[in-house]
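Chemist: There's a structure below that I have some questions on.
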Amino acid sequence: MGKGIGRWAALWAAVAMAAVGCGGGGSDGAEIGAARVNTAEAVLAARDAHPADGPGVDAVGDLHPSLGDGSTSSSLAPLKLGETAALRPLASSSFSRENTYHVYAANGMRKLLRLDFVNKRYEMLDDTDRVHNGHSTSGSLSEDPAEPGTYILGTDRSVPNDITSRLRVSQGAVVGGFAFEMPEFSETFYAWAPFVGANDFIVDPAQLDGDYTRMGFTRQLPNGSSFTSLAALRITGGGRTVEACAQGAVQWAQCTDVRRYTLSAAAVDGTWTATGSGPYNAFEFRVARIGSQKVWLEGGLTSGPLPSPYRASLLIGLASSPNWPSTRYAAVSTESLWSLHDVGQAAMRSLVRQRQGGYQAFPSVAIEPEKPVAASGLRSTNGAWLIQNGVMLVSVPSGIDFGGWIDIGLARGPLSAEPASPLNGTYRVFTTNGQEHTLSINFDAGTYVMTDASGLAASGSFQADPADPGTYVFASSRVSVVYNTARFRVATDGIVGAFPFATYGSNPVSYKTMPFTAARSFVTNRTELAGVYDILATGGVWSMRLNAEGTAAIRQCGNADCTGSFSEVWSVAAGAVSGQWIFNPGGQTFNAYIAKFGTRRVLLSSFETAMPTVPLSLGPYILLGFRQPPVGYSNAAWPTYALHTTSGTTFGKATLTHSAYSEAYLDEAGQSTNWSLTLDPPTSYLPSMRSGSIGGTLSATLTHNGELFWMFAVGRGYAMGLVDR
C-alpha cells in the first residue's frame, strides 16, 4: 500500500523515509472516471427543507452500547425525510446538521462524519450495505494544544504507524485522517487513511459550468498497488456535458483523447451521474462549495478490469484559475504524513509532523510558473504537481519514480496573516534552584532554548509523548537517566514541568532535573495587584495581602493567628523588568511577579538572596502563591481533579479529591510507584492550602487554584503540576 519512499522528504531533502505498506505503480492518465460506485450511502435531506437540528436528548453513544472495538450497536431510530438508509437521524442525536459531513476517504470508504464541538465528541457512520451495516464508531474530539485548530479524533482502533487521527475544519469542509476499516476483506481490520469531507453541495446544474483540474489516488485491491492520475475537465451547457482530457498535462488543443459524458439530474444530496460509452465509463461525483470555491469530489469502492477486481479511489478537483494565492495549509497524505505547507508565489516550504511530536523542517523548493497545459492553474515542483485555490491544496507525483500518493491540504490562512502557534514565545521560568530562567519555545518547529540568569543557554528539541497526549519531553544532553522526567504540559499562558537545571552552589556545575512553573503574562499595572495570596514558600506558608495603594502586609502563617492583623508593612516598587515588583520590608528586598493564568492571579518568585523571614540564610528560595477567591466564594469541597505532576526526578498522574491525594509516577530509573495522602480539611485563613498525612503523620502541604497545583512533601521536596483539561 504505497511506495517505499516518503515523497516530501525525497523531493525536498533526499531523505529516505519508510512509508506504510508495500506495492507501487505508475501514473495512469487514462483513468478519467471511476466506475459507478457500488456502495450505498446515506443521504441527508436537502438543507433548505430541513434546517439545522438543535441538540438532541441523547449524547453520543447513550443509545448505543459499546461493542468493544469502537463500534456501536445498530439500534437506530426511524428514517427522516430525505434519508435513504437506517442511520440514526440528527433529531435524535447531539450533532447539528451543519456539522455533519459527507466523507470521501483515500481507501474508498464513503462515510458520514458528525462533529459535536459542545460535548467534544464525533461519530463516523459506516457504509450501510457492508459487514458493518448500520454501525457507527464514535469517540472524543479534543483540540491539539500544540496545534490550535487541529482536533484529535480519539479512537481505540489500533493502527500501525498511525500519526494520530486528526482533522481541521473550515467553512463547508473537513480534511484529516482516520483509522477506517479496510474494504473487501473477509476479516475486519483497520488502516489509517486521509479523507476530505464537505456538507454544502451544488444542486443547480448551471452553477457547475467551468474548467476543473482533478487529481486522483487509486489503490487496487486486493494486491494493494497504487497509482495517481491527473485530468483536465470541463462542464458546459448549463451542467449538461462533461469533457475530460485523458492525457494529463497537455494543451487542450493538442489533446487527442477527449472523452465526453452526459450529466443526469442531481440527487437531493448533490450527487451527479456522468455517463459515457464503454463498460467502465459511468461515475458519480459532487461539486462542493468550500469557502468561496468549487471543489469536485469523487471516489469510493469501484469495480474494475482484471486482474484487480476492486479499486478504492479518491479524486479531488479544483476550479481552474490563473490566481495563485500565498497560503499556509495543514495537509495530510496517503503516506501517513501530517504537514504544514507554506505555499508562496515561487517557492514552497514544509514542516512535517514527527510521530513523537514537533515538526521537521524541509528546505524550500521552487514552484515553476504556470505552463500552457490543459489543466489551468497547475504548477509543479521537483517531482510533484500542485493545484490550490487559497482554500484547498492537492498534490500528486509528476513522475513514476515517486510512486502513487496524494496530499490534501486545508488552508490555515494567508501567509501574511498566518499566526504561528499561539503557544510559541518566551516564558519566564521559576524553579527550585533559586534562579529565574527564560524559556523560548517554538511548537511549530519543536525546539526550545532555556537560558539561565548568567546568560548560559541550553537548546534542543522537544517531542510529544505519544503515550500521554498533552505531555512533551525535552531532549537534552544533560539528561542521562533511564527514564527522562524532563517533561512539561501547557496551560493558558503558562507551562509547568521539569528541566535539568544547574544545582545550586555546585562547583564544577552539575545538573539535576527540577520542577518549574513558567509564565509569560504578568501584571504591570499596580491597581491589578490587590488581593490576598496564599503562598507556599521555602521554609513555610504565608498569607500576604496586596492592596490597591501599593503597600503589602505580610505575616508568616501556620495557624489561626493569621486571621489577626498583619504585623509588617512592606513597600512595593516596580522593578527594572516589565512585570517585576520589588518588595522591601525595610531591609532585605526580594523580587516577585504576579502572573496571569487566564483570569487567575499567581505570585511567582525564585531568588538566592536571604529570605526576609530568615535574614541570615541565603537561597535558593522559591515563592508560589495563589490569590484567594473573592469573599463569599467557598472552595472547601475541593472538587475532584485529574492532574499531571512532576517533582523533577518523578513524573506521573494524580487524582485530587476533598479528602485524598493519590499519585502514580515513574522515577528516573523507570520504576513505577504509587503514593497517597489523606488530606485535612481546609482552613478559613488559608483556604487554598491543605495538609496531607500518611498514617497520621504530617508529611505534605498542597495548594491549587483549579488549574495549577503545587506541593511540598517531606522527603520529596517540591512538586508542581497542572489540572488535566
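Following the order of the C-alpha cells, first chain is A, next is B, and so on, with residues numbered from 1 inside each chain and ligands from 1 in the order they appear.
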At most 10 Å is the cut-off: for each residue in range 137-236 of chain A with any atom that close to an atom of range 251-260 of chain A, write down the nearest atom pair and the distance in Å rounded to one decimal, counting only C-alpha atoms, chain first then increasing number, as CSV.
Modeler:
```
residue,atom,partner,partner_atom,distance
A:Ala232,CA,A:Trp252,CA,8.6
A:Leu233,CA,A:Val258,CA,9.4
A:Arg234,CA,A:Arg260,CA,9.5
A:Ile235,CA,A:Arg260,CA,9.8
```
Chemist: Quick one: write out the picked residues with C-alpha atoms as a PDB file, in the first residue's frame?
Modeler:
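The resulting file, again00.pdb, is reproduced below:
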```
ATOM      1  CA  ALA A 232      -8.417  18.381 -17.019  1.00  0.00           C
ATOM      2  CA  LEU A 233     -12.231  18.560 -17.122  1.00  0.00           C
ATOM      3  CA  ARG A 234     -14.833  20.956 -18.476  1.00  0.00           C
ATOM      4  CA  ILE A 235     -18.517  21.160 -17.621  1.00  0.00           C
TER       5      ILE A 235
END
```
Chemist: Please provide the set of residues having any atom within 9 Å of Arg601 in chain A, restricted to only C-alpha atoms, with same-chain residues fewer than 2 positions apart removed, written as a ChimeraX atom specification.
Modeler: /A:522-523,529,533,594-599,603,625-628
Chemist: Output as a PyMOL selection string all residues of range 143-305 of chain A that backbone DSSP marks as helix (DSSP H, G or I).
Modeler: chain A and resi 205-207+252-254
Chemist: Emit the selected residues as an mmCIF file, in the first residue's frame, including all heavy atoms.
Modeler:
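What landed in out.cif:
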```
data_model
loop_
_atom_site.group_PDB
_atom_site.id
_atom_site.type_symbol
_atom_site.label_atom_id
_atom_site.label_comp_id
_atom_site.auth_asym_id
_atom_site.auth_seq_id
_atom_site.Cartn_x
_atom_site.Cartn_y
_atom_site.Cartn_z
ATOM 1 N N PRO A 205 -27.649 22.820 -11.902
ATOM 2 C CA PRO A 205 -26.676 22.442 -12.950
ATOM 3 C C PRO A 205 -25.957 23.632 -13.565
ATOM 4 O O PRO A 205 -24.793 23.505 -13.963
ATOM 5 C CB PRO A 205 -27.539 21.701 -13.979
ATOM 6 C CG PRO A 205 -28.944 22.124 -13.706
ATOM 7 C CD PRO A 205 -29.021 22.368 -12.235
ATOM 8 N N ALA A 206 -26.623 24.780 -13.648
ATOM 9 C CA ALA A 206 -25.987 25.941 -14.267
ATOM 10 C C ALA A 206 -24.766 26.404 -13.493
ATOM 11 O O ALA A 206 -23.867 27.036 -14.059
ATOM 12 C CB ALA A 206 -27.001 27.084 -14.393
ATOM 13 N N GLN A 207 -24.712 26.089 -12.186
ATOM 14 C CA GLN A 207 -23.582 26.512 -11.360
ATOM 15 C C GLN A 207 -22.383 25.577 -11.480
ATOM 16 O O GLN A 207 -21.322 25.854 -10.922
ATOM 17 C CB GLN A 207 -24.016 26.616 -9.900
ATOM 18 C CG GLN A 207 -25.083 27.663 -9.645
ATOM 19 C CD GLN A 207 -25.465 27.760 -8.183
ATOM 20 O OE1 GLN A 207 -24.670 27.444 -7.291
ATOM 21 N NE2 GLN A 207 -26.681 28.192 -7.921
ATOM 22 N N TRP A 252 -5.110 21.785 -24.334
ATOM 23 C CA TRP A 252 -6.386 21.296 -24.842
ATOM 24 C C TRP A 252 -6.325 21.132 -26.367
ATOM 25 O O TRP A 252 -6.864 20.163 -26.926
ATOM 26 C CB TRP A 252 -7.511 22.270 -24.464
ATOM 27 C CG TRP A 252 -8.141 21.987 -23.127
ATOM 28 C CD1 TRP A 252 -7.962 22.675 -21.974
ATOM 29 C CD2 TRP A 252 -9.057 20.937 -22.822
ATOM 30 N NE1 TRP A 252 -8.703 22.121 -20.947
ATOM 31 C CE2 TRP A 252 -9.399 21.045 -21.450
ATOM 32 C CE3 TRP A 252 -9.623 19.901 -23.566
ATOM 33 C CZ2 TRP A 252 -10.266 20.181 -20.813
ATOM 34 C CZ3 TRP A 252 -10.508 19.031 -22.927
ATOM 35 C CH2 TRP A 252 -10.819 19.164 -21.569
ATOM 36 N N ALA A 253 -5.676 22.058 -27.039
ATOM 37 C CA ALA A 253 -5.634 21.983 -28.497
ATOM 38 C C ALA A 253 -4.867 20.762 -28.988
ATOM 39 O O ALA A 253 -5.059 20.310 -30.124
ATOM 40 C CB ALA A 253 -4.994 23.257 -29.061
ATOM 41 N N GLN A 254 -3.992 20.232 -28.161
ATOM 42 C CA GLN A 254 -3.188 19.073 -28.540
ATOM 43 C C GLN A 254 -3.726 17.775 -27.954
ATOM 44 O O GLN A 254 -3.135 16.716 -28.153
ATOM 45 C CB GLN A 254 -1.742 19.282 -28.080
ATOM 46 C CG GLN A 254 -1.055 20.465 -28.740
ATOM 47 C CD GLN A 254 0.333 20.713 -28.179
ATOM 48 O OE1 GLN A 254 0.680 20.200 -27.122
ATOM 49 N NE2 GLN A 254 1.128 21.517 -28.902
#
```
Chemist: Please provide the set of residues having any atom within 6 Å of range 101-116 of chain A, restricted to only C-alpha atoms, with same-chain residues fewer than 5 positions apart removed, written as a VMD selection string.
Modeler: chain A and resid 95 121 to 126 193 to 199 300 to 301 312 to 314
Chemist: Please identify all polymer residues within 10 Å of Phe430 in chain A, counting only C-alpha atoms, omitting same-chain residues fewer than 4 positions from it, and present them as a list in words.
Modeler: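 Result of the neighbour search: Gly434, Gln435, Glu436, His437, Thr438, Val496, Pro515, Phe516, Thr517, Ala518, Ala519, Leu604, Ser605, Ser606, Phe607, Ile622, Leu623 and Leu624 of chain A.
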Chemist: Quick one: write out the picked residues with all heavy atoms as a CSV table (one decimal), in the first residue's frame?
Modeler:
```csv
chain,number,residue,atom,x,y,z
A,434,GLY,N,16.6,28.5,42.7
A,434,GLY,CA,16.8,29.9,43.2
A,434,GLY,C,17.1,30.9,42.0
A,434,GLY,O,17.4,32.1,42.3
A,435,GLN,N,17.1,30.4,40.8
A,435,GLN,CA,17.3,31.3,39.6
A,435,GLN,C,16.1,31.5,38.8
A,435,GLN,O,15.3,30.5,38.7
A,435,GLN,CB,18.4,30.8,38.8
A,435,GLN,CG,19.8,30.9,39.3
A,435,GLN,CD,20.9,30.5,38.3
A,435,GLN,OE1,20.6,30.3,37.1
A,435,GLN,NE2,22.1,30.6,38.7
A,436,GLU,N,15.9,32.7,38.2
A,436,GLU,CA,15.0,32.9,37.2
A,436,GLU,C,15.6,32.5,35.9
A,436,GLU,O,16.8,32.9,35.6
A,436,GLU,CB,14.5,34.3,37.1
A,436,GLU,CG,13.6,34.8,38.3
A,436,GLU,CD,13.2,36.2,38.2
A,436,GLU,OE1,13.4,36.8,37.1
A,436,GLU,OE2,12.7,36.8,39.2
A,437,HIS,N,14.9,31.8,35.0
A,437,HIS,CA,15.3,31.5,33.7
A,437,HIS,C,14.3,32.0,32.7
A,437,HIS,O,13.2,32.4,33.0
A,437,HIS,CB,15.4,29.9,33.5
A,437,HIS,CG,16.4,29.3,34.4
A,437,HIS,ND1,16.3,29.2,35.8
A,437,HIS,CD2,17.6,28.7,34.1
A,437,HIS,CE1,17.3,28.6,36.3
A,437,HIS,NE2,18.1,28.2,35.3
A,438,THR,N,14.7,32.0,31.4
A,438,THR,CA,13.8,32.3,30.3
A,438,THR,C,13.8,31.1,29.4
A,438,THR,O,14.8,30.4,29.1
A,438,THR,CB,14.2,33.5,29.5
A,438,THR,OG1,15.5,33.4,29.0
A,438,THR,CG2,14.1,34.8,30.4
A,496,VAL,N,4.1,24.1,32.9
A,496,VAL,CA,4.6,23.5,34.1
A,496,VAL,C,5.3,22.2,33.8
A,496,VAL,O,4.8,21.4,33.0
A,496,VAL,CB,3.4,23.2,35.1
A,496,VAL,CG1,3.9,22.5,36.3
A,496,VAL,CG2,2.7,24.5,35.5
A,515,PRO,N,11.6,20.7,39.1
A,515,PRO,CA,10.3,21.2,38.6
A,515,PRO,C,10.3,22.7,38.4
A,515,PRO,O,11.1,23.4,39.1
A,515,PRO,CB,9.3,20.8,39.8
A,515,PRO,CG,10.2,20.8,41.0
A,515,PRO,CD,11.5,20.3,40.6
A,516,PHE,N,9.5,23.2,37.5
A,516,PHE,CA,9.4,24.6,37.3
A,516,PHE,C,7.9,25.0,36.9
A,516,PHE,O,7.2,24.2,36.4
A,516,PHE,CB,10.3,25.1,36.2
A,516,PHE,CG,10.0,24.6,34.8
A,516,PHE,CD1,9.0,25.3,34.0
A,516,PHE,CD2,10.6,23.5,34.2
A,516,PHE,CE1,8.7,24.9,32.8
A,516,PHE,CE2,10.2,23.1,32.9
A,516,PHE,CZ,9.3,23.8,32.2
A,517,THR,N,7.6,26.3,37.2
A,517,THR,CA,6.4,26.9,36.7
A,517,THR,C,6.8,28.1,35.9
A,517,THR,O,7.7,28.9,36.3
A,517,THR,CB,5.5,27.3,37.8
A,517,THR,OG1,5.1,26.2,38.6
A,517,THR,CG2,4.3,28.1,37.3
A,518,ALA,N,6.3,28.2,34.7
A,518,ALA,CA,6.7,29.3,33.7
A,518,ALA,C,5.5,30.1,33.3
A,518,ALA,O,4.4,29.5,33.2
A,518,ALA,CB,7.4,28.7,32.5
A,519,ALA,N,5.6,31.4,33.1
A,519,ALA,CA,4.5,32.2,32.7
A,519,ALA,C,5.0,33.3,31.7
A,519,ALA,O,6.3,33.6,31.7
A,519,ALA,CB,3.9,32.9,33.9
A,604,LEU,N,4.8,34.5,41.8
A,604,LEU,CA,5.9,33.6,41.5
A,604,LEU,C,7.2,34.3,41.8
A,604,LEU,O,7.4,35.5,41.4
A,604,LEU,CB,5.9,33.2,40.0
A,604,LEU,CG,4.7,32.4,39.5
A,604,LEU,CD1,4.7,32.3,38.0
A,604,LEU,CD2,4.7,31.0,40.1
A,605,SER,N,8.2,33.6,42.4
A,605,SER,CA,9.5,34.2,42.7
A,605,SER,C,10.5,33.2,42.9
A,605,SER,O,10.2,32.2,43.6
A,605,SER,CB,9.4,35.2,43.9
A,605,SER,OG,10.6,35.8,44.1
A,606,SER,N,11.7,33.3,42.3
A,606,SER,CA,12.8,32.5,42.6
A,606,SER,C,14.0,33.4,42.9
A,606,SER,O,14.2,34.3,42.1
A,606,SER,CB,13.2,31.5,41.5
A,606,SER,OG,12.2,30.5,41.3
A,607,PHE,N,14.7,33.2,44.0
A,607,PHE,CA,15.9,34.1,44.3
A,607,PHE,C,16.9,33.4,45.2
A,607,PHE,O,16.5,32.4,45.8
A,607,PHE,CB,15.4,35.4,44.9
A,607,PHE,CG,14.5,35.3,46.1
A,607,PHE,CD1,15.1,35.3,47.3
A,607,PHE,CD2,13.2,35.2,46.0
A,607,PHE,CE1,14.3,35.1,48.5
A,607,PHE,CE2,12.4,35.0,47.1
A,607,PHE,CZ,12.9,35.0,48.3
A,622,ILE,N,12.1,29.7,46.7
A,622,ILE,CA,11.0,29.8,45.7
A,622,ILE,C,9.7,30.2,46.5
A,622,ILE,O,9.5,29.7,47.6
A,622,ILE,CB,10.8,28.5,44.9
A,622,ILE,CG1,9.8,28.8,43.8
A,622,ILE,CG2,10.4,27.4,45.8
A,622,ILE,CD1,9.8,27.6,42.8
A,623,LEU,N,9.0,31.1,45.9
A,623,LEU,CA,7.7,31.5,46.5
A,623,LEU,C,6.6,31.2,45.4
A,623,LEU,O,6.7,31.7,44.2
A,623,LEU,CB,7.6,33.0,46.8
A,623,LEU,CG,8.7,33.6,47.6
A,623,LEU,CD1,8.5,35.1,47.9
A,623,LEU,CD2,8.8,32.9,49.0
A,624,LEU,N,5.6,30.5,45.8
A,624,LEU,CA,4.5,30.2,44.9
A,624,LEU,C,3.2,30.5,45.6
A,624,LEU,O,2.9,30.0,46.6
A,624,LEU,CB,4.5,28.7,44.5
A,624,LEU,CG,5.8,28.1,44.0
A,624,LEU,CD1,5.8,26.6,44.0
A,624,LEU,CD2,6.1,28.7,42.6
```
Chemist: Which residues are near range 442-447 of chain A? Cut-off 12 Å, only C-alpha atoms, ignore same chain within fewer than 5 positions. Put them as a ChimeraX atom specification.
Modeler: /A:144-148,330,339-341,350-362,419-427,458-464,472-476,490
Chemist: Give me the residues near Thr241 in chain A as a VMD selection string, where near means some atom within 6 Å (using only C-alpha atoms) and where sequence neighbours in that chain fewer than 5 positions away do not count.
Modeler: chain A and resid 235 to 236 261 to 263
Chemist: Based on the selection just made, write all heavy atoms of those residues as a PDB file, in the first residue's frame.
Modeler:
```pdb
ATOM      1  N   ILE A 235     -17.070  21.356 -17.653  1.00  0.00           N
ATOM      2  CA  ILE A 235     -18.517  21.160 -17.621  1.00  0.00           C
ATOM      3  C   ILE A 235     -19.127  22.319 -18.387  1.00  0.00           C
ATOM      4  O   ILE A 235     -18.855  23.491 -18.099  1.00  0.00           O
ATOM      5  CB  ILE A 235     -19.056  21.100 -16.183  1.00  0.00           C
ATOM      6  CG1 ILE A 235     -18.409  19.939 -15.420  1.00  0.00           C
ATOM      7  CG2 ILE A 235     -20.571  20.943 -16.187  1.00  0.00           C
ATOM      8  CD1 ILE A 235     -18.887  19.803 -13.988  1.00  0.00           C
ATOM      9  N   THR A 236     -19.954  21.995 -19.382  1.00  0.00           N
ATOM     10  CA  THR A 236     -20.530  23.015 -20.258  1.00  0.00           C
ATOM     11  C   THR A 236     -22.023  22.758 -20.443  1.00  0.00           C
ATOM     12  O   THR A 236     -22.565  21.747 -19.968  1.00  0.00           O
ATOM     13  CB  THR A 236     -19.841  23.001 -21.638  1.00  0.00           C
ATOM     14  OG1 THR A 236     -19.992  21.699 -22.220  1.00  0.00           O
ATOM     15  CG2 THR A 236     -18.363  23.331 -21.510  1.00  0.00           C
ATOM     16  N   TYR A 261     -19.131  13.033 -21.541  1.00  0.00           N
ATOM     17  CA  TYR A 261     -20.104  12.373 -20.683  1.00  0.00           C
ATOM     18  C   TYR A 261     -21.342  13.259 -20.588  1.00  0.00           C
ATOM     19  O   TYR A 261     -21.247  14.492 -20.612  1.00  0.00           O
ATOM     20  CB  TYR A 261     -19.543  12.150 -19.282  1.00  0.00           C
ATOM     21  CG  TYR A 261     -18.245  11.368 -19.245  1.00  0.00           C
ATOM     22  CD1 TYR A 261     -17.024  12.003 -19.478  1.00  0.00           C
ATOM     23  CD2 TYR A 261     -18.243  10.004 -18.982  1.00  0.00           C
ATOM     24  CE1 TYR A 261     -15.834  11.294 -19.446  1.00  0.00           C
ATOM     25  CE2 TYR A 261     -17.053   9.287 -18.949  1.00  0.00           C
ATOM     26  CZ  TYR A 261     -15.848   9.942 -19.185  1.00  0.00           C
ATOM     27  OH  TYR A 261     -14.672   9.239 -19.153  1.00  0.00           O
ATOM     28  N   THR A 262     -22.482  12.614 -20.464  1.00  0.00           N
ATOM     29  CA  THR A 262     -23.736  13.326 -20.251  1.00  0.00           C
ATOM     30  C   THR A 262     -24.090  13.281 -18.775  1.00  0.00           C
ATOM     31  O   THR A 262     -24.010  12.215 -18.137  1.00  0.00           O
ATOM     32  CB  THR A 262     -24.866  12.683 -21.073  1.00  0.00           C
ATOM     33  OG1 THR A 262     -24.516  12.736 -22.458  1.00  0.00           O
ATOM     34  CG2 THR A 262     -26.176  13.435 -20.865  1.00  0.00           C
ATOM     35  N   LEU A 263     -24.492  14.431 -18.241  1.00  0.00           N
ATOM     36  CA  LEU A 263     -24.819  14.509 -16.817  1.00  0.00           C
ATOM     37  C   LEU A 263     -26.311  14.315 -16.602  1.00  0.00           C
ATOM     38  O   LEU A 263     -27.144  14.893 -17.311  1.00  0.00           O
ATOM     39  CB  LEU A 263     -24.401  15.865 -16.244  1.00  0.00           C
ATOM     40  CG  LEU A 263     -22.906  16.113 -16.082  1.00  0.00           C
ATOM     41  CD1 LEU A 263     -22.659  17.479 -15.442  1.00  0.00           C
ATOM     42  CD2 LEU A 263     -22.259  15.028 -15.246  1.00  0.00           C
TER      43      LEU A 263
END
```
Chemist: Could you list, as a PyMOL selection string, every residue within 9 Å of Glu298 in chain A, counting only C-alpha atoms and ignoring same-chain residues fewer than 4 positions away?
Modeler: chain A and resi 33-34+104+216+283-287+313-317
Chemist: Hey, can you spit out that residue selection with N, CA and C atoms as a compact mmCIF listing (two decimals), in the first residue's frame?
Modeler:
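Output (selection18.txt):
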```txt
# COMPACT_ATOMS: atom_id res chain seq x y z
N GLY A 33 -12.85 8.57 -15.15
CA GLY A 33 -13.92 8.42 -14.15
C GLY A 33 -13.90 7.02 -13.61
N ALA A 34 -13.96 6.90 -12.27
CA ALA A 34 -14.06 5.57 -11.70
C ALA A 34 -15.41 4.98 -12.08
N TYR A 104 -15.15 11.44 1.96
CA TYR A 104 -14.52 10.63 0.93
C TYR A 104 -13.12 10.29 1.44
N GLY A 216 -6.15 12.46 -8.66
CA GLY A 216 -6.73 11.28 -8.04
C GLY A 216 -5.70 10.31 -7.51
N PHE A 283 -19.76 7.31 -13.80
CA PHE A 283 -19.24 7.61 -12.47
C PHE A 283 -20.09 8.70 -11.82
N GLU A 284 -19.97 8.78 -10.51
CA GLU A 284 -20.72 9.76 -9.72
C GLU A 284 -19.75 10.73 -9.08
N PHE A 285 -20.20 11.97 -8.90
CA PHE A 285 -19.37 12.97 -8.25
C PHE A 285 -20.27 14.04 -7.64
N ARG A 286 -19.69 14.85 -6.80
CA ARG A 286 -20.34 16.04 -6.28
C ARG A 286 -19.43 17.24 -6.53
N VAL A 287 -20.00 18.42 -6.54
CA VAL A 287 -19.23 19.65 -6.53
C VAL A 287 -19.63 20.41 -5.28
N SER A 313 -10.75 4.56 -4.57
CA SER A 313 -10.28 5.80 -5.16
C SER A 313 -10.71 7.02 -4.36
N LEU A 314 -9.91 8.07 -4.48
CA LEU A 314 -10.25 9.41 -4.02
C LEU A 314 -9.77 10.38 -5.08
N LEU A 315 -10.70 11.19 -5.64
CA LEU A 315 -10.37 12.14 -6.70
C LEU A 315 -10.91 13.51 -6.31
N ILE A 316 -10.05 14.52 -6.40
CA ILE A 316 -10.40 15.88 -5.97
C ILE A 316 -10.05 16.84 -7.10
N GLY A 317 -10.99 17.69 -7.46
CA GLY A 317 -10.74 18.66 -8.50
C GLY A 317 -11.02 20.07 -8.02
```
Chemist: For the atom pair CA of Val449 in chain A and CA of Gly470 in chain A, what is the interatomic distance in Å to one decimal place?
Modeler: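 So the two atoms, CA of Val449 in chain A and CA of Gly470 in chain A, lie 20.0 Å apart.
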Chemist: Let's see if you can do this: from backbone DSSP, list all strand (DSSP E) residues in range 166-325 of chain A, as a ChimeraX atom specification.
Modeler: /A:166-170,173-181,190-198,210-221,226-236,241-245,258-263,272-275,282-290,293-303,310-319
Chemist: Would you compute the distance between CA of Glu368 in chain A and CA of Ile408 in chain A? Give it in Å to one decimal.
Modeler: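 Distance reported for this atom pair: 19.6 Å.
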Chemist: Using only C-alpha atoms, pick whichever of A:Ile406, A:Ile202, A:Gly224, A:Pro687 has the shortest atom-to-atom distance to Trp272 in chain A.
Modeler: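 Looking only at the distances to Trp272 in chain A, the closest residue turns out to be A:Ile202.
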Chemist: Could you check the closest approach to Met514 in chain A for each of A:Gly344, A:Gly648, A:Gly390, A:Pro397 and tell me which residue wins, using only C-alpha atoms?
Modeler: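 Checking each candidate against Met514 in chain A, we get A:Gly648 as the closest.
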Chemist: In Å to one decimal, how far is CA of Thr683 in chain A from CA of Thr701 in chain A?
Modeler: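 It comes out at 12.6 Å.
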Chemist: For each of A:Thr275, A:Ala411, A:Ile535, A:Arg379, take the minimum atom-to-atom distance to Ser170 in chain A, counting only C-alpha atoms, then give the residue where this is smallest.
Modeler: A:Ala411
Chemist: Identify which of the residues A:Ala574, A:Ala486, A:Val394, A:Val332 lies closest to Thr645 in chain A, counting only C-alpha atoms when measuring atom-to-atom distances.
Modeler: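 Checking each of A:Ala574, A:Ala486, A:Val394, A:Val332 against Thr645 in chain A, counting only C-alpha atoms, the winner is A:Ala486.
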